[in-house]
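> Shown below is the structure under consideration.
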Amino acid sequence: MIERHIGLSIFCHVVLLIGAAAVCMPLYFAFVAGSLTVGEVQQVPFPLIPGSHFVENTILAWNEGQFSRLYVNSLIVTVGIVVGKLAVSLIAGFAVTYFRFPFRMTAFWLIFISLMLPVEVRIIPTYEAVADAGGPLRALFEAIGLTGFVADTTGYQLDAALQWNMINSYGGLILPLIASASATFLFRQFFLTVPDELCEAAKLDGAGPLKFFWDVLLPLSRANIAALSIILFLYGWNQYLWPLLFTTEKAMATAMIGLKDLIPVADAQPAWNIAMAASFFVMAPPALVILLMQRWFTKGLVDSSK
Amino acid sequence: MPANNAIMTSSEGAAARPRLSLRRSLGSLVRPSEAGLKASHFRRPWLAAGLLAPQLLILLFFFFIPTWKALSLAFVQVDPFGGTMIFVGLENFTTLLSSPEYRDSAVLTLWFTVVQCIATLVIAGLLAFATDNVLRGRAIYKGVILLPYAIAPAISGVLWAFLFNPTVGPFAQMLHELGLGWDPNRRPFDALLLVSVAAIWKHVCYDYIFLVAAFLAVPASVMEAAAIDGARPVRRFLTVTLPMAAPTIFFLIVMNFVYGLFETFGIIDTVTRGGPAGSTNTLVYKVYQDGFRQLDLGSSAAQSVILMAIAVLFTFLQFRAVERKVNYQV
């Protein structure tokens, strides 16, 4: 053990206390604001002691913003993102590491390239892709003459059948967000560290690839899956740009969008107390996840950046 | 047994983290290779295709086709009603780059990102140094400082928009009492400052996690040797810990840039909506504004392409950073 300086110790505690205070201060003021009435929230100077209306404001915000519906939407979308991305990337990672087949490297590179462009830089084209998911198929069938052929032989209009609009649907909120290969990459990296003997042994015992995957690889990946689920949960719940674009109906919006709608605009009554009360229940699920599963969360964060 | 040399040498064993070498992997694109294939593997091409299909289909529909569309839209002009398209070559880019608005936005984005990056790193570094040097209460401090990671950029924006709201915000009132004419709705500098504070507040925890881990990874023997040589804690931090954490710091600089460029949309949309007078209209926010509000698809696509180029550059830097980080680990 290296020597300790009492002065340094005090300095470090002071720094950390200031840091912790800087984190908590906005949250505390938000809590105070959330516990006042509309009249009280506008007084100068701003009160430092919480009022007694927090529960009242929370219930009001919950009903006013239709959060019963939005919360369920957020949960469905978040769980969809977590489960969808984990499932898709586990099997894709398994395929590129454990199978020899033609174009294996091509597949790997197709997946790898998708790491390069974050969703934010392709907002508009992705919006179009979601608004008209059948478009590429229509163009393809048109080009190879299938549309005309089917229409001539059976009278069935392929063009009309392939109009998939995913705006205001859970699919539209989930699928574009799982179209990135970061998780596939993470599992690939992990599978490469799994000892070869395990696969040899499984093969000797007569296990097929799927049995090996289910009985050996999945149990081994539990820690990685847990850590990644947390990161994906935060990612899904905290989405803002996608729900903002892809939901035009209030009933399909997420909790994050509901909160945004509660922010007072210039001419309206400055009901910041309602907005602040709402911000607490919107940030509650990810905050709880972080507080309760700090160890997994840190592992997930450090791993997923490699 | 043909070992998968490019990714992992057998001597590293199961515990070692496989290395991803971009340069070597690029080479493997040209010649057929077994890179990244387990020595013990299966030969069931159709099963493998089935397992890959969901991932590749999702990527096709929501990644490759949109990206290709953005690339092709950037070179045409579309009338707002979506009727006709005319190929205009690089015209979208030249108009864009010569427009003062776009240049302002680029300069502003650069400033915002650089300031955010440096401030976040310095604050996180100080906190991580302090965490490294205290014994008591470490877990509590960590827990509190990590909390903003759970908070969405949009919520961080809402919180700070309230705190510094010129009529009701408690912090704004304090500034007014000091005689400062704080008003982010009217004064461009105030708006930019507010957005930066919200962005930094949200992101310090990210850098902090990595720096704490990096400082902790410095071998005790090295620190003891420095202590025996008479180096005091601050000196040890500057001459031993920091250099050993350099790869992590490089990695964080890249990640902070990525965050500042691409992930601050929620903050800007909730705090300022790009205003006043375009003073917080960063490049990503501008793509959204021009594409969804002004419906100028050609220009918006050209902007997307420029952002894509920046994103690709940062991805390469990120991989370099990760490679170096892995190599330095003792």
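As shown in the structure tokens, the chain order sets the letters A, B, ...; within each chain, residues go from 1, and ligands are also counted from 1 in the order they appear.
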Considering only alpha helix (DSSP H) as DSSP defines it on the backbone, what residues of range 201-280 of chain A qualify? List them as a PyMOL selection string.
chain A and resi 201-204+209-212+218-220+222-237+241-246+255-262+272-280
> Which residues are close to Ala287 in chain A, i.e. within 9 Å by only C-alpha atoms, leaving aside same-chain residues fewer than 5 positions away? Reply as a PyMOL selection string.
(chain A and resi 234+292) or (chain B and resi 147-151)
> Which value, in Å to one decimal, gives the distance between CA of Leu97 in chain B and CA of Ile306 in chain B?
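Answer for the CA of Leu97 in chain B to CA of Ile306 in chain B separation: 10.3 Å.
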> Pick out the residues sitting within 9 Å of range 165-176 of chain B, and hand them over as JSON, numbers by chain; count only C-alpha atoms, and ignore anything fewer than 2 positions along from it in its own chain.
{"A": [29, 41, 42, 43, 44, 45, 46, 47, 270, 272], "B": [160, 161, 162, 163, 178, 179, 180, 181, 182, 183, 184, 185]}
> Would you save the residues from that selection as a short mmCIF file (atom, residue, chain, number, x, y, z; two decimals), in the first residue's frame, using C-alpha atoms?

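So the final result, stored in selection_14.cif, reads:
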data_model
loop_
_atom_site.label_atom_id
_atom_site.label_comp_id
_atom_site.auth_asym_id
_atom_site.auth_seq_id
_atom_site.Cartn_x
_atom_site.Cartn_y
_atom_site.Cartn_z
CA PHE A 29 -34.67 21.45 -8.45
CA VAL A 41 -43.47 27.63 -9.59
CA GLN A 42 -43.46 31.14 -11.04
CA GLN A 43 -42.48 32.98 -7.87
CA VAL A 44 -39.19 34.81 -7.46
CA PRO A 45 -36.99 33.73 -5.78
CA PHE A 46 -37.52 30.09 -6.57
CA PRO A 47 -38.38 28.10 -3.42
CA PRO A 270 -45.74 27.85 -17.81
CA TRP A 272 -43.22 23.45 -15.55
CA TRP B 160 -31.67 22.28 -18.11
CA ALA B 161 -34.21 24.15 -20.19
CA PHE B 162 -36.22 24.51 -17.00
CA LEU B 163 -33.29 25.43 -14.71
CA LEU B 178 -25.97 38.92 -10.43
CA GLY B 179 -26.97 41.47 -13.04
CA LEU B 180 -26.48 39.25 -16.09
CA GLY B 181 -29.06 39.54 -18.84
CA TRP B 182 -29.44 35.79 -19.26
CA ASP B 183 -31.95 34.78 -21.96
CA PRO B 184 -31.27 31.70 -24.09
CA ASN B 185 -34.38 32.41 -26.17
#
> Quick one: residues within 12 Å of range 161-172 of chain A, only C-alpha atoms counted, chain neighbours fewer than 2 positions away excluded, as a ChimeraX atom specification?
/A:72-81,84,126-142,147,150-151,156-159,174-179,242-254 /B:58,61-62
> Would you list the contacts of range 196-204 of chain A as a PyMOL selection string, taking every protein, DNA or RNA residue within 7 Å and counting only C-alpha atoms, but skipping same-chain residues closer than 5 positions in sequence?
(chain A and resi 212) or (chain B and resi 39-40)
> Hey, which of B:Leu159, B:Ile200, B:Phe164, B:Glu34 ends up closest to Ser279 in chain A? Count only C-alpha atoms.
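Closest residue, counting only C-alpha atoms: B:Leu159.
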> Hey, which of B:Phe314, B:Phe42, B:Phe319, B:Phe257 ends up closest to chain A? Count only C-alpha atoms.
B:Phe42
> What is the CA of Phe316 in chain B to CA of Ala49 in chain B distance in Å?
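According to the coordinates, CA of Phe316 in chain B and CA of Ala49 in chain B are separated by 28.6 Å.
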> Using only C-alpha atoms, pick whichever of B:Val212, B:Leu60, B:Ala199, B:Leu96 has the shortest atom-to-atom distance to Ala74 in chain B.
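Result for the nearest residue to Ala74 in chain B: B:Leu96.
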> In Å, with one decimal, what is the gap from CA of Ala106 in chain B to CA of Ile257 in chain A?
27.9 Å
> Give me the residues near Ala21 in chain A as a VMD selection string, where near means some atom within 12 Å (using only C-alpha atoms) and where sequence neighbours in that chain fewer than 4 positions away do not count.
(chain A and resid 13 to 17 25 to 29) or (chain B and resid 141 144 to 145 147 201)
> What does the file look like for those residues with C-alpha atoms, as a PDB file, in the first residue's frame?

ATOM      1  CA  HIS A  13     -13.627  14.108  -1.215  1.00  0.00           C
ATOM      2  CA  VAL A  14     -14.389  17.751  -1.907  1.00  0.00           C
ATOM      3  CA  VAL A  15     -14.053  17.193  -5.664  1.00  0.00           C
ATOM      4  CA  LEU A  16     -16.322  14.168  -5.538  1.00  0.00           C
ATOM      5  CA  LEU A  17     -18.869  15.943  -3.366  1.00  0.00           C
ATOM      6  CA  MET A  25     -28.751  19.658  -8.171  1.00  0.00           C
ATOM      7  CA  PRO A  26     -30.762  19.682 -11.425  1.00  0.00           C
ATOM      8  CA  LEU A  27     -32.634  16.617 -10.238  1.00  0.00           C
ATOM      9  CA  TYR A  28     -33.385  18.240  -6.882  1.00  0.00           C
ATOM     10  CA  PHE A  29     -34.668  21.455  -8.446  1.00  0.00           C
TER      11      PHE A  29
ATOM     12  CA  TYR B 141     -19.847   8.512  -5.302  1.00  0.00           C
ATOM     13  CA  VAL B 144     -24.355   9.046  -8.035  1.00  0.00           C
ATOM     14  CA  ILE B 145     -21.980  10.217 -10.749  1.00  0.00           C
ATOM     15  CA  LEU B 147     -26.765   8.373 -12.730  1.00  0.00           C
ATOM     16  CA  TRP B 201     -23.770  17.114 -17.742  1.00  0.00           C
TER      17      TRP B 201
END
> Taking only C-alpha atoms into account, name the residue in A:Phe297, A:Phe149, A:Trp214, A:Tyr240 that is nearest to Thr264 in chain B.
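Using only C-alpha atoms, Thr264 in chain B sits closest to A:Tyr240.
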> Using only C-alpha atoms, which of the listed residues (B:Val195, B:Val114, B:Val204, B:Met85) sits closest to chain A?
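Looking only at the distances to chain A, the closest residue turns out to be B:Val204.
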> Between A:Tyr98, A:Phe31, A:Phe54, A:Tyr235, which residue has the minimum interatomic distance to chain B, considering only C-alpha atoms?
A:Tyr98
> Please provide the set of residues having any atom within 12 Å of range 118-126 of chain B, restricted to only C-alpha atoms, with same-chain residues fewer than 4 positions apart removed, written as a ChimeraX atom specification.
/A:11-16,18-20,22 /B:111-114,130-133,142,145-146,196-215,234,237-238,241-242,245-246,248-257,259-260
